[in-house]
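Okay, so here's the structure we're looking at.
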Amino acid sequence: MAEMMTSSVSTPDDSGFAFRRKVKNHVMKAVLYGSATVTVSLLLFLIGYLTYKGSQYITIELLTSQTSYIKGTIGILPNLVNTLYLIFITMVLALPISIGAAVYLTEYATNRKLVKLVEFAAGTLVGIPSIVFGLVGMLLFTQLMGLQQGLLAGGLTLVIMIMPTIMRTTQESLKSVPNAYREGALALGAGKWRTIRTVVLPNAVNGIVTGSILAVGRIVSESAALLFTAGFGLVLHGFIQSLEASSATLTVALYVYASERGETGVAFAIALILMIVTFILNIAATYGASKLKK
Amino acid sequence: MDTKTIIDVEKLNLWYGDHHALKDISMKIPANRITALIGPSGCGKSTFLRTINRMNDLVEGVKITGSIRYKGEDIYAPNVDVNNVRKNIGMVFQKANLFPMSIFDNIAYGPRTHGITNKAKLNEIVERSLKDAAIWDEVKDRLKDNALGFSGGQQQRLCIARTLAVQPDIVLMDESTSALDPISTGKIEDLCTRLKEKYTVIMVTHNMQQAVRISDYCAFFLLGDLVEFGTGEQIFSNPQNPKTEAYVTGRFG
Ligand SMILES: Nc1ncnc2c1ncn2[C@@H]1O[C@H](COP(=O)(O)OP(=O)(O)OP(=O)(O)O)[C@@H](O)[C@H]1O
Ligand SMILES: [Mg+2]
């Protein structure tokens, strides 16, 4: 610092000002460096700690068996399977509805105000805490519709939760398709739907895939919305059975093992798995979609 | 006029919201001729062109009165099939707008839209259209290549081929050569001159030399009015209206 001060070209008059500015600059730099360092080291610590703790407990047995008091085993296979089932149920229902809604809103709807309103509502839904969705889902699907706690009630709840995300990303990618393509197809005598199906949607696939991967990420990491709807069950079921049988996904199982069973080791193992899955999904969302286009 | 009328416009008015963009346009456009639409920027040439294949339907808040008859039938009548209108009256845009797919799929898009699935038939249509658009030799070995990998001039001729593939009667062109170099422009002009044996060409152009070179008929628009419509000869050598004269001699515009 001293070296820099002597190399200053300022006149004696404003040297005080220049000095203060220099100090300010350095202080700001230090603060920014500091916060970046704190952020990165926290992140690295978290990753390192999870990897260290989790890897001690991840065994083939844990991944391929289920928890049983009689046999005295602990396994998270049911939770892995439940998570996959839940992704499947939720996406199968959410994709067509959200894409359909997005296509309607961007390509067909003529009432601008209505479109704005729906977009605003969707934007608001994204920000609502997921436990609220859980409450609404419980009310709607288990109490009103009379479903048993299980992956169907859980899936339906998540459909409501992730629909806005997929819808909005789909809308954005539809809007990014050049109008010239639409005009080109229409001018050849293609109807509106044919234009959308053969020219607009194929060029929006990228965004739709990215949105879907993000949605899968949310499903995998969701717990609060599932507590009241999908339940805590740790028993392995077939797909059909699991629809109306209390079934914990990985995140819910993490909660159960950590808080109710005191099995923190298993919880850390699950946490590591979740971290890896999230990592993979993020990479897929970033690079996968751009590759897909080629 | 010495030829059959293919498009008969009568008292056509168009409003974009409150903006009166076309005012009482009446004209009879002859078949198998090149008709050029000229006039200063914003006078309504594109708007007029797009009423002929009902592309203005896509614009929100457009109101149209009057009639446009294609071979005697009003294309704005209530039960008209718009897709069919656009099949018969094709359009080439200012900027090439090929779809991001192969050349073959681009050219076959129209025919497939209209129900042709037979592979041999499609091959035949694609080849014929590309030949008609004078680009077959340049692309015949690359039909599977992505169409967006070609030069601007080639893309524009591919767009023409794509339009021809649905066998329209009329080809509308909106400044389709304005983004091209002189050589590509020349190729497309030659193309238009040959096309008029089979097709009627209606083109918007800002290029006065181009209008002189290739148009049989010419319409001069100003602020939404059709000021003068006549043979190219009349408009460029012997304009009846002083405004037309001022424009074609370059005194304003
Ligand atoms: N979609 C639209 N909405 C509202 N006004 C429009 C729209 N399209 C064109 N206009 C207006 O209508 C008038 C005619 O426009 P048009 O595009 O037909 O002109 P043009 O003669 O083709 O001009 P240019 O030579 O610049 O292409 C202009 O005043 C323009 O601002
Ligand atoms: Mg124009």
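Starting from 1 in every chain, residues are counted up; chains themselves are A, B, ... following the order of the structure tokens, and ligands are numbered from 1 as listed.
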Write out as CSV the residues of chain B that have any atom within 7 Å of an atom of ligand 1, one row each with the nearest atom pair and its distance in Å to one decimal, counting only C-alpha atoms and all ligand atoms, sorted by chain and then rising number.
residue,atom,partner,partner_atom_place_in_ligand_line,distance
B:Tyr16,CA,ligand 1,4 (C),4.8
B:His19,CA,ligand 1,5 (N),6.8
B:Ala21,CA,ligand 1,12 (O),5.0
B:Gly39,CA,ligand 1,21 (O),6.5
B:Pro40,CA,ligand 1,25 (O),5.9
B:Ser41,CA,ligand 1,25 (O),3.5
B:Gly42,CA,ligand 1,19 (O),3.4
B:Cys43,CA,ligand 1,21 (O),4.0
B:Gly44,CA,ligand 1,18 (O),3.2
B:Lys45,CA,ligand 1,21 (O),3.8
B:Ser46,CA,ligand 1,22 (O),3.6
B:Thr47,CA,ligand 1,18 (O),3.6
B:Phe48,CA,ligand 1,18 (O),6.4
B:Val59,CA,ligand 1,1 (N),5.7
B:His206,CA,ligand 1,25 (O),6.7
Now that the selection is made, can you save its residues with all heavy atoms as an mmCIF file, in the first residue's frame?
data_model
loop_
_atom_site.group_PDB
_atom_site.id
_atom_site.type_symbol
_atom_site.label_atom_id
_atom_site.label_comp_id
_atom_site.auth_asym_id
_atom_site.auth_seq_id
_atom_site.Cartn_x
_atom_site.Cartn_y
_atom_site.Cartn_z
ATOM 1 N N TYR B 16 -55.284 -0.242 -38.246
ATOM 2 C CA TYR B 16 -54.603 -0.835 -37.094
ATOM 3 C C TYR B 16 -55.101 -0.045 -35.891
ATOM 4 O O TYR B 16 -54.615 1.062 -35.647
ATOM 5 C CB TYR B 16 -53.094 -0.654 -37.191
ATOM 6 C CG TYR B 16 -52.403 -1.474 -38.264
ATOM 7 C CD1 TYR B 16 -51.778 -0.842 -39.335
ATOM 8 C CD2 TYR B 16 -52.339 -2.859 -38.174
ATOM 9 C CE1 TYR B 16 -51.109 -1.581 -40.305
ATOM 10 C CE2 TYR B 16 -51.671 -3.600 -39.139
ATOM 11 C CZ TYR B 16 -51.056 -2.960 -40.197
ATOM 12 O OH TYR B 16 -50.395 -3.683 -41.145
ATOM 13 N N HIS B 19 -55.448 3.710 -36.420
ATOM 14 C CA HIS B 19 -54.634 4.163 -37.540
ATOM 15 C C HIS B 19 -55.166 3.620 -38.865
ATOM 16 O O HIS B 19 -55.203 2.417 -39.096
ATOM 17 C CB HIS B 19 -53.189 3.717 -37.314
ATOM 18 C CG HIS B 19 -52.274 4.092 -38.417
ATOM 19 N ND1 HIS B 19 -52.077 5.394 -38.804
ATOM 20 C CD2 HIS B 19 -51.500 3.342 -39.237
ATOM 21 C CE1 HIS B 19 -51.226 5.428 -39.810
ATOM 22 N NE2 HIS B 19 -50.860 4.196 -40.087
ATOM 23 N N ALA B 21 -54.646 2.651 -42.185
ATOM 24 C CA ALA B 21 -53.413 2.359 -42.922
ATOM 25 C C ALA B 21 -53.635 2.142 -44.416
ATOM 26 O O ALA B 21 -52.728 2.363 -45.213
ATOM 27 C CB ALA B 21 -52.717 1.147 -42.323
ATOM 28 N N GLY B 39 -43.514 2.913 -53.198
ATOM 29 C CA GLY B 39 -43.958 4.035 -52.381
ATOM 30 C C GLY B 39 -43.034 4.210 -51.207
ATOM 31 O O GLY B 39 -42.292 3.292 -50.851
ATOM 32 N N PRO B 40 -43.070 5.387 -50.589
ATOM 33 C CA PRO B 40 -42.160 5.649 -49.475
ATOM 34 C C PRO B 40 -42.461 4.764 -48.266
ATOM 35 O O PRO B 40 -43.542 4.193 -48.158
ATOM 36 C CB PRO B 40 -42.396 7.126 -49.150
ATOM 37 C CG PRO B 40 -43.699 7.470 -49.751
ATOM 38 C CD PRO B 40 -43.913 6.551 -50.911
ATOM 39 N N SER B 41 -41.507 4.675 -47.383
ATOM 40 C CA SER B 41 -41.628 3.846 -46.197
ATOM 41 C C SER B 41 -42.870 4.229 -45.379
ATOM 42 O O SER B 41 -43.145 5.404 -45.181
ATOM 43 C CB SER B 41 -40.368 4.015 -45.351
ATOM 44 O OG SER B 41 -40.381 3.091 -44.311
ATOM 45 N N GLY B 42 -43.610 3.230 -44.945
ATOM 46 C CA GLY B 42 -44.763 3.477 -44.096
ATOM 47 C C GLY B 42 -46.038 3.799 -44.849
ATOM 48 O O GLY B 42 -47.051 4.131 -44.244
ATOM 49 N N CYS B 43 -46.012 3.699 -46.190
ATOM 50 C CA CYS B 43 -47.194 4.086 -46.962
ATOM 51 C C CYS B 43 -48.224 2.963 -47.030
ATOM 52 O O CYS B 43 -49.339 3.170 -47.492
ATOM 53 C CB CYS B 43 -46.797 4.502 -48.369
ATOM 54 S SG CYS B 43 -46.135 3.132 -49.319
ATOM 55 N N GLY B 44 -47.859 1.762 -46.575
ATOM 56 C CA GLY B 44 -48.846 0.686 -46.539
ATOM 57 C C GLY B 44 -48.635 -0.434 -47.542
ATOM 58 O O GLY B 44 -49.526 -1.267 -47.718
ATOM 59 N N LYS B 45 -47.462 -0.499 -48.159
ATOM 60 C CA LYS B 45 -47.214 -1.557 -49.151
ATOM 61 C C LYS B 45 -47.284 -2.945 -48.521
ATOM 62 O O LYS B 45 -47.984 -3.831 -49.017
ATOM 63 C CB LYS B 45 -45.823 -1.379 -49.798
ATOM 64 C CG LYS B 45 -45.598 -0.021 -50.401
ATOM 65 C CD LYS B 45 -44.173 0.132 -50.925
ATOM 66 C CE LYS B 45 -43.099 0.027 -49.874
ATOM 67 N NZ LYS B 45 -43.006 1.166 -48.958
ATOM 68 N N SER B 46 -46.556 -3.102 -47.413
ATOM 69 C CA SER B 46 -46.556 -4.423 -46.763
ATOM 70 C C SER B 46 -47.947 -4.759 -46.253
ATOM 71 O O SER B 46 -48.411 -5.894 -46.382
ATOM 72 C CB SER B 46 -45.582 -4.445 -45.588
ATOM 73 O OG SER B 46 -44.284 -4.206 -46.026
ATOM 74 N N THR B 47 -48.583 -3.765 -45.680
ATOM 75 C CA THR B 47 -49.927 -3.978 -45.171
ATOM 76 C C THR B 47 -50.846 -4.464 -46.279
ATOM 77 O O THR B 47 -51.584 -5.439 -46.120
ATOM 78 C CB THR B 47 -50.476 -2.671 -44.577
ATOM 79 O OG1 THR B 47 -49.598 -2.236 -43.543
ATOM 80 C CG2 THR B 47 -51.869 -2.859 -44.017
ATOM 81 N N PHE B 48 -50.756 -3.802 -47.432
ATOM 82 C CA PHE B 48 -51.603 -4.193 -48.558
ATOM 83 C C PHE B 48 -51.278 -5.615 -49.004
ATOM 84 O O PHE B 48 -52.160 -6.448 -49.186
ATOM 85 C CB PHE B 48 -51.433 -3.216 -49.727
ATOM 86 C CG PHE B 48 -52.201 -3.616 -50.944
ATOM 87 C CD1 PHE B 48 -53.587 -3.581 -50.938
ATOM 88 C CD2 PHE B 48 -51.547 -4.081 -52.078
ATOM 89 C CE1 PHE B 48 -54.315 -3.982 -52.044
ATOM 90 C CE2 PHE B 48 -52.273 -4.486 -53.188
ATOM 91 C CZ PHE B 48 -53.652 -4.439 -53.172
ATOM 92 N N VAL B 59 -52.546 -9.968 -36.803
ATOM 93 C CA VAL B 59 -52.272 -8.752 -36.026
ATOM 94 C C VAL B 59 -53.492 -8.408 -35.192
ATOM 95 O O VAL B 59 -54.620 -8.408 -35.685
ATOM 96 C CB VAL B 59 -51.914 -7.577 -36.960
ATOM 97 C CG1 VAL B 59 -51.597 -6.337 -36.151
ATOM 98 C CG2 VAL B 59 -50.754 -7.952 -37.854
ATOM 99 N N HIS B 206 -38.349 -1.431 -52.804
ATOM 100 C CA HIS B 206 -37.889 -0.072 -52.573
ATOM 101 C C HIS B 206 -36.926 0.346 -53.652
ATOM 102 O O HIS B 206 -36.479 1.477 -53.711
ATOM 103 C CB HIS B 206 -37.157 -0.002 -51.232
ATOM 104 C CG HIS B 206 -38.026 0.457 -50.125
ATOM 105 N ND1 HIS B 206 -38.582 1.706 -50.103
ATOM 106 C CD2 HIS B 206 -38.474 -0.165 -49.012
ATOM 107 C CE1 HIS B 206 -39.315 1.831 -49.019
ATOM 108 N NE2 HIS B 206 -39.282 0.709 -48.348
#
If we count only C-alpha atoms, which residues of chain B reach to within 7 Å of chain A? Please list them as a tab-separated table (two decimals) with all heavy atoms, in the first residue's frame.
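selection23.tsv was written with the following content:
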chain	number	residue	atom	x	y	z
B	83	ASN	N	-56.52	-21.31	-44.60
B	83	ASN	CA	-55.35	-22.10	-44.98
B	83	ASN	C	-55.32	-22.35	-46.48
B	83	ASN	O	-54.26	-22.40	-47.09
B	83	ASN	CB	-55.36	-23.44	-44.24
B	83	ASN	CG	-55.23	-23.25	-42.74
B	83	ASN	OD1	-54.70	-22.22	-42.29
B	83	ASN	ND2	-55.73	-24.19	-41.97
B	84	ASN	N	-56.51	-22.51	-47.03
B	84	ASN	CA	-56.59	-22.74	-48.46
B	84	ASN	C	-56.22	-21.48	-49.25
B	84	ASN	O	-55.55	-21.54	-50.28
B	84	ASN	CB	-58.01	-23.20	-48.80
B	84	ASN	CG	-58.00	-24.13	-49.97
B	84	ASN	OD1	-57.03	-24.85	-50.17
B	84	ASN	ND2	-59.05	-24.07	-50.78
B	86	ARG	N	-54.13	-19.29	-48.26
B	86	ARG	CA	-52.67	-19.14	-48.18
B	86	ARG	C	-51.95	-20.20	-48.99
B	86	ARG	O	-50.80	-20.01	-49.38
B	86	ARG	CB	-52.22	-19.19	-46.71
B	86	ARG	CG	-52.78	-18.02	-45.92
B	86	ARG	CD	-52.16	-17.92	-44.55
B	86	ARG	NE	-52.81	-16.87	-43.78
B	86	ARG	CZ	-53.19	-17.00	-42.52
B	86	ARG	NH1	-52.98	-18.14	-41.89
B	86	ARG	NH2	-53.76	-16.00	-41.89
B	87	LYS	N	-52.61	-21.31	-49.23
B	87	LYS	CA	-52.03	-22.33	-50.10
B	87	LYS	C	-51.98	-21.81	-51.54
B	87	LYS	O	-51.01	-21.99	-52.25
B	87	LYS	CB	-52.88	-23.60	-50.03
B	87	LYS	CG	-52.45	-24.72	-50.94
B	87	LYS	CD	-53.31	-25.95	-50.68
B	87	LYS	CE	-52.92	-27.11	-51.56
B	87	LYS	NZ	-53.35	-26.95	-52.95
B	90	GLY	N	-49.16	-17.74	-52.06
B	90	GLY	CA	-47.98	-17.94	-51.22
B	90	GLY	C	-47.26	-16.63	-50.95
B	90	GLY	O	-47.53	-15.61	-51.58
B	91	MET	N	-46.34	-16.67	-49.98
B	91	MET	CA	-45.65	-15.44	-49.63
B	91	MET	C	-44.18	-15.70	-49.31
B	91	MET	O	-43.84	-16.65	-48.62
B	91	MET	CB	-46.33	-14.81	-48.41
B	91	MET	CG	-45.69	-13.51	-47.95
B	91	MET	SD	-46.73	-12.68	-46.75
B	91	MET	CE	-46.79	-11.04	-47.44
B	97	ASN	N	-36.82	-16.99	-43.99
B	97	ASN	CA	-37.27	-17.57	-42.72
B	97	ASN	C	-37.44	-19.07	-42.84
B	97	ASN	O	-38.46	-19.62	-42.48
B	97	ASN	CB	-38.56	-16.90	-42.24
B	97	ASN	CG	-39.69	-17.04	-43.24
B	97	ASN	OD1	-39.47	-17.47	-44.36
B	97	ASN	ND2	-40.89	-16.71	-42.83
B	99	PHE	N	-37.11	-22.89	-41.84
B	99	PHE	CA	-37.17	-23.52	-40.53
B	99	PHE	C	-35.82	-24.18	-40.25
B	99	PHE	O	-35.13	-24.61	-41.18
B	99	PHE	CB	-38.27	-24.58	-40.49
B	99	PHE	CG	-39.60	-24.07	-40.96
B	99	PHE	CD1	-40.31	-24.74	-41.94
B	99	PHE	CD2	-40.14	-22.91	-40.43
B	99	PHE	CE1	-41.55	-24.27	-42.38
B	99	PHE	CE2	-41.37	-22.44	-40.86
B	99	PHE	CZ	-42.07	-23.11	-41.85
B	110	GLY	N	-44.72	-27.67	-46.89
B	110	GLY	CA	-46.02	-27.29	-47.45
B	110	GLY	C	-46.79	-28.49	-47.97
B	110	GLY	O	-47.93	-28.73	-47.56
B	113	THR	N	-48.07	-30.56	-45.31
B	113	THR	CA	-49.18	-29.88	-44.65
B	113	THR	C	-50.48	-30.15	-45.38
B	113	THR	O	-51.53	-30.31	-44.77
B	113	THR	CB	-48.91	-28.36	-44.62
B	113	THR	OG1	-47.76	-28.12	-43.84
B	113	THR	CG2	-50.09	-27.61	-44.03
B	163	THR	N	-42.12	-21.99	-51.10
B	163	THR	CA	-43.42	-21.44	-51.46
B	163	THR	C	-43.98	-22.11	-52.72
B	163	THR	O	-45.16	-22.45	-52.78
B	163	THR	CB	-43.30	-19.92	-51.67
B	163	THR	OG1	-42.83	-19.33	-50.47
B	163	THR	CG2	-44.63	-19.30	-52.06
Task: Residues within 10 Å of range 278-286 of chain A, only C-alpha atoms, excluding chain neighbours under 4 positions, as number ranges by chain - done: A: 206-207, 209-218, 220-221, 272-274, 290-291
Write out, as a compact mmCIF listing (two decimals), in the first residue's frame, the residues just selected, with all heavy atoms.
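In the end it all went to out25.txt:
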# COMPACT_ATOMS: atom_id res chain seq x y z
N ASN A 206 -35.73 -27.02 -25.94
CA ASN A 206 -34.65 -26.69 -25.03
C ASN A 206 -35.10 -26.16 -23.68
O ASN A 206 -34.74 -26.67 -22.63
CB ASN A 206 -33.83 -25.58 -25.68
CG ASN A 206 -32.49 -26.08 -26.05
OD1 ASN A 206 -32.20 -27.24 -25.82
ND2 ASN A 206 -31.68 -25.22 -26.62
N GLY A 207 -35.90 -25.11 -23.75
CA GLY A 207 -36.37 -24.47 -22.53
C GLY A 207 -37.27 -25.39 -21.74
O GLY A 207 -37.24 -25.41 -20.51
N VAL A 209 -37.17 -28.64 -21.65
CA VAL A 209 -36.34 -29.66 -20.98
C VAL A 209 -35.67 -29.06 -19.75
O VAL A 209 -35.68 -29.66 -18.67
CB VAL A 209 -35.29 -30.23 -21.96
CG1 VAL A 209 -34.27 -31.07 -21.21
CG2 VAL A 209 -35.97 -31.06 -23.02
N THR A 210 -35.11 -27.87 -19.90
CA THR A 210 -34.47 -27.23 -18.75
C THR A 210 -35.47 -27.05 -17.62
O THR A 210 -35.19 -27.38 -16.46
CB THR A 210 -33.91 -25.85 -19.13
OG1 THR A 210 -33.11 -26.01 -20.30
CG2 THR A 210 -33.07 -25.28 -18.02
N GLY A 211 -36.65 -26.55 -17.94
CA GLY A 211 -37.68 -26.35 -16.92
C GLY A 211 -38.04 -27.67 -16.25
O GLY A 211 -38.22 -27.72 -15.02
N SER A 212 -38.12 -28.73 -17.04
CA SER A 212 -38.50 -30.02 -16.48
C SER A 212 -37.43 -30.55 -15.54
O SER A 212 -37.74 -31.11 -14.49
CB SER A 212 -38.72 -31.04 -17.60
OG SER A 212 -39.68 -30.55 -18.50
N ILE A 213 -36.17 -30.36 -15.94
CA ILE A 213 -35.10 -30.84 -15.06
C ILE A 213 -35.11 -30.08 -13.74
O ILE A 213 -34.96 -30.67 -12.67
CB ILE A 213 -33.73 -30.71 -15.76
CG1 ILE A 213 -33.68 -31.64 -16.96
CG2 ILE A 213 -32.61 -31.04 -14.80
CD1 ILE A 213 -32.45 -31.50 -17.82
N LEU A 214 -35.33 -28.78 -13.83
CA LEU A 214 -35.42 -28.00 -12.59
C LEU A 214 -36.59 -28.51 -11.73
O LEU A 214 -36.49 -28.59 -10.51
CB LEU A 214 -35.61 -26.51 -12.91
CG LEU A 214 -34.39 -25.83 -13.54
CD1 LEU A 214 -34.72 -24.40 -13.91
CD2 LEU A 214 -33.20 -25.88 -12.61
N ALA A 215 -37.69 -28.85 -12.41
CA ALA A 215 -38.86 -29.35 -11.69
C ALA A 215 -38.53 -30.67 -11.01
O ALA A 215 -38.89 -30.88 -9.84
CB ALA A 215 -40.03 -29.51 -12.64
N VAL A 216 -37.82 -31.55 -11.71
CA VAL A 216 -37.42 -32.83 -11.10
C VAL A 216 -36.56 -32.55 -9.87
O VAL A 216 -36.72 -33.19 -8.82
CB VAL A 216 -36.66 -33.72 -12.11
CG1 VAL A 216 -36.03 -34.91 -11.42
CG2 VAL A 216 -37.60 -34.19 -13.21
N GLY A 217 -35.69 -31.55 -9.99
CA GLY A 217 -34.87 -31.16 -8.85
C GLY A 217 -35.71 -30.78 -7.66
O GLY A 217 -35.43 -31.16 -6.51
N ARG A 218 -36.77 -30.04 -7.93
CA ARG A 218 -37.65 -29.64 -6.82
C ARG A 218 -38.36 -30.84 -6.20
O ARG A 218 -38.54 -30.91 -4.99
CB ARG A 218 -38.69 -28.62 -7.30
CG ARG A 218 -38.11 -27.24 -7.49
CD ARG A 218 -39.19 -26.19 -7.55
NE ARG A 218 -39.77 -25.91 -6.25
CZ ARG A 218 -40.80 -25.08 -6.07
NH1 ARG A 218 -41.35 -24.48 -7.11
NH2 ARG A 218 -41.28 -24.86 -4.87
N VAL A 220 -37.28 -33.93 -6.12
CA VAL A 220 -36.31 -34.69 -5.34
C VAL A 220 -36.05 -34.03 -3.99
O VAL A 220 -35.94 -34.68 -2.97
CB VAL A 220 -34.98 -34.84 -6.13
CG1 VAL A 220 -33.90 -35.42 -5.25
CG2 VAL A 220 -35.20 -35.71 -7.35
N SER A 221 -35.98 -32.70 -3.99
CA SER A 221 -35.57 -32.04 -2.75
C SER A 221 -36.75 -31.65 -1.87
O SER A 221 -36.55 -31.14 -0.78
CB SER A 221 -34.74 -30.80 -3.09
OG SER A 221 -35.52 -29.94 -3.89
N LEU A 272 -25.98 -37.12 1.38
CA LEU A 272 -24.95 -37.19 0.33
C LEU A 272 -25.56 -37.58 -1.01
O LEU A 272 -25.26 -36.98 -2.05
CB LEU A 272 -23.86 -38.18 0.74
CG LEU A 272 -22.72 -38.34 -0.27
CD1 LEU A 272 -22.05 -37.01 -0.56
CD2 LEU A 272 -21.69 -39.35 0.23
N ILE A 273 -26.45 -38.58 -0.96
CA ILE A 273 -27.11 -39.01 -2.20
C ILE A 273 -27.88 -37.84 -2.81
O ILE A 273 -27.79 -37.56 -4.02
CB ILE A 273 -28.08 -40.19 -1.93
CG1 ILE A 273 -27.28 -41.42 -1.48
CG2 ILE A 273 -28.90 -40.50 -3.17
CD1 ILE A 273 -28.15 -42.57 -1.05
N LEU A 274 -28.63 -37.13 -1.98
CA LEU A 274 -29.41 -36.00 -2.47
C LEU A 274 -28.50 -34.94 -3.09
O LEU A 274 -28.81 -34.37 -4.14
CB LEU A 274 -30.22 -35.38 -1.33
CG LEU A 274 -31.42 -36.20 -0.88
CD1 LEU A 274 -32.03 -35.61 0.38
CD2 LEU A 274 -32.47 -36.27 -1.98
N SER A 290 -28.57 -27.70 -23.88
CA SER A 290 -27.93 -27.05 -25.01
C SER A 290 -27.38 -28.08 -26.00
O SER A 290 -27.31 -27.84 -27.19
CB SER A 290 -26.81 -26.12 -24.54
OG SER A 290 -25.85 -26.84 -23.82
N LYS A 291 -27.01 -29.25 -25.48
CA LYS A 291 -26.55 -30.33 -26.36
C LYS A 291 -27.71 -30.87 -27.18
O LYS A 291 -27.57 -31.19 -28.35
CB LYS A 291 -25.96 -31.47 -25.53
CG LYS A 291 -24.55 -31.21 -25.07
CD LYS A 291 -23.56 -32.18 -25.73
CE LYS A 291 -22.13 -31.80 -25.45
NZ LYS A 291 -21.80 -31.96 -24.03
Open item on the list: Using only C-alpha atoms and all ligand atoms for the distances, tell me which of B:Ala246, B:Thr205, B:Lys131, B:Phe220 is nearest to ligand 2.
Closed with: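 Looking at the shortest contact to ligand 2, the residue is B:Thr205.
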- [ ] Tell me, as a PyMOL selection string, which residues lie within 10 Å of Ala179 in chain B, counting only C-alpha atoms; anything in the same chain fewer than 5 positions away does not count.
- [x] chain B and resi 94-96+152-153+156+184-185
Since we have the selection now, will you write its residues out, keeping N, CA and C atoms, as a PDB file, in the first residue's frame?
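Written file, result_23.pdb:
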ATOM      1  N   GLN B  94     -39.388 -10.673 -46.323  1.00  0.00           N
ATOM      2  CA  GLN B  94     -38.212  -9.830 -46.538  1.00  0.00           C
ATOM      3  C   GLN B  94     -36.932 -10.555 -46.132  1.00  0.00           C
ATOM      4  N   LYS B  95     -36.990 -11.166 -44.952  1.00  0.00           N
ATOM      5  CA  LYS B  95     -35.834 -11.931 -44.509  1.00  0.00           C
ATOM      6  C   LYS B  95     -36.144 -13.409 -44.656  1.00  0.00           C
ATOM      7  N   ALA B  96     -35.176 -14.156 -45.170  1.00  0.00           N
ATOM      8  CA  ALA B  96     -35.387 -15.591 -45.324  1.00  0.00           C
ATOM      9  C   ALA B  96     -35.784 -16.177 -43.976  1.00  0.00           C
ATOM     10  N   GLY B 152     -27.270 -16.158 -47.480  1.00  0.00           N
ATOM     11  CA  GLY B 152     -28.520 -15.410 -47.487  1.00  0.00           C
ATOM     12  C   GLY B 152     -29.265 -15.517 -48.809  1.00  0.00           C
ATOM     13  N   GLY B 153     -28.521 -15.370 -49.904  1.00  0.00           N
ATOM     14  CA  GLY B 153     -29.147 -15.439 -51.223  1.00  0.00           C
ATOM     15  C   GLY B 153     -29.711 -16.829 -51.502  1.00  0.00           C
ATOM     16  N   GLN B 156     -32.835 -17.344 -49.468  1.00  0.00           N
ATOM     17  CA  GLN B 156     -34.012 -16.674 -50.003  1.00  0.00           C
ATOM     18  C   GLN B 156     -34.581 -17.460 -51.196  1.00  0.00           C
ATOM     19  N   SER B 184     -27.128 -12.105 -56.146  1.00  0.00           N
ATOM     20  CA  SER B 184     -28.285 -12.880 -55.680  1.00  0.00           C
ATOM     21  C   SER B 184     -29.576 -12.197 -56.115  1.00  0.00           C
ATOM     22  N   THR B 185     -29.585 -10.870 -56.018  1.00  0.00           N
ATOM     23  CA  THR B 185     -30.772 -10.128 -56.439  1.00  0.00           C
ATOM     24  C   THR B 185     -31.077 -10.392 -57.900  1.00  0.00           C
TER      25      THR B 185
END
Task: Spatial neighbours of range 186-190 of chain B, 8 Å, only C-alpha atoms, chain gap at least 6 places, as an NGL selection string - done: :B and (157 or 177 or 210 or 214)
How about saving the chosen residues, N, CA and C atoms kept, as a JSON list (two decimals), in the first residue's frame?
[["chain", "number", "residue", "atom", "x", "y", "z"],
["B", 157, "ARG", "N", -33.69, -18.01, -52.03],
["B", 157, "ARG", "CA", -34.22, -18.83, -53.13],
["B", 157, "ARG", "C", -34.83, -20.13, -52.61],
["B", 177, "THR", "N", -35.61, -9.12, -51.89],
["B", 177, "THR", "CA", -34.21, -9.04, -52.29],
["B", 177, "THR", "C", -33.47, -7.93, -51.56],
["B", 210, "GLN", "N", -35.14, -1.89, -59.84],
["B", 210, "GLN", "CA", -35.70, -3.24, -59.89],
["B", 210, "GLN", "C", -37.12, -3.20, -60.44],
["B", 214, "ILE", "N", -38.19, -5.25, -63.94],
["B", 214, "ILE", "CA", -38.97, -6.49, -64.05],
["B", 214, "ILE", "C", -40.48, -6.34, -63.98]]
Open item on the list: Can you pull out every residue from range 196-246 of chain B that DSSP, working from the backbone, puts in helix (DSSP H, G or I), and format the result as a ChimeraX atom specification?
Closed with: /B:208-214,232-237,242-246
Open item on the list: Using only C-alpha atoms, which protein or nucleic acid residues come within 7 Å of range 84-88 of chain A? Drop anything in the same chain fewer than 5 positions from it, and give the result as a PyMOL selection string.
Closed with: chain A and resi 151+155+216+219+239
Give me the residues within 6 Å of range 253-270 of chain A as a CSV table (one decimal) with N, CA, C and O atoms, in the first residue's frame, counting only C-alpha atoms and dropping any in the same chain fewer than 6 places off.
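Okay, result37.csv is ready:
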chain,number,residue,atom,x,y,z
A,54,GLY,N,-21.2,-38.8,5.0
A,54,GLY,CA,-22.2,-39.7,4.3
A,54,GLY,C,-21.5,-40.9,3.8
A,54,GLY,O,-22.0,-42.0,3.9
A,57,TYR,N,-21.3,-44.2,5.7
A,57,TYR,CA,-22.5,-45.0,5.9
A,57,TYR,C,-23.1,-45.6,4.6
A,57,TYR,O,-24.0,-46.4,4.7
A,58,ILE,N,-22.7,-45.0,3.5
A,58,ILE,CA,-23.3,-45.6,2.3
A,58,ILE,C,-22.7,-46.9,2.0
A,58,ILE,O,-21.5,-47.1,1.8
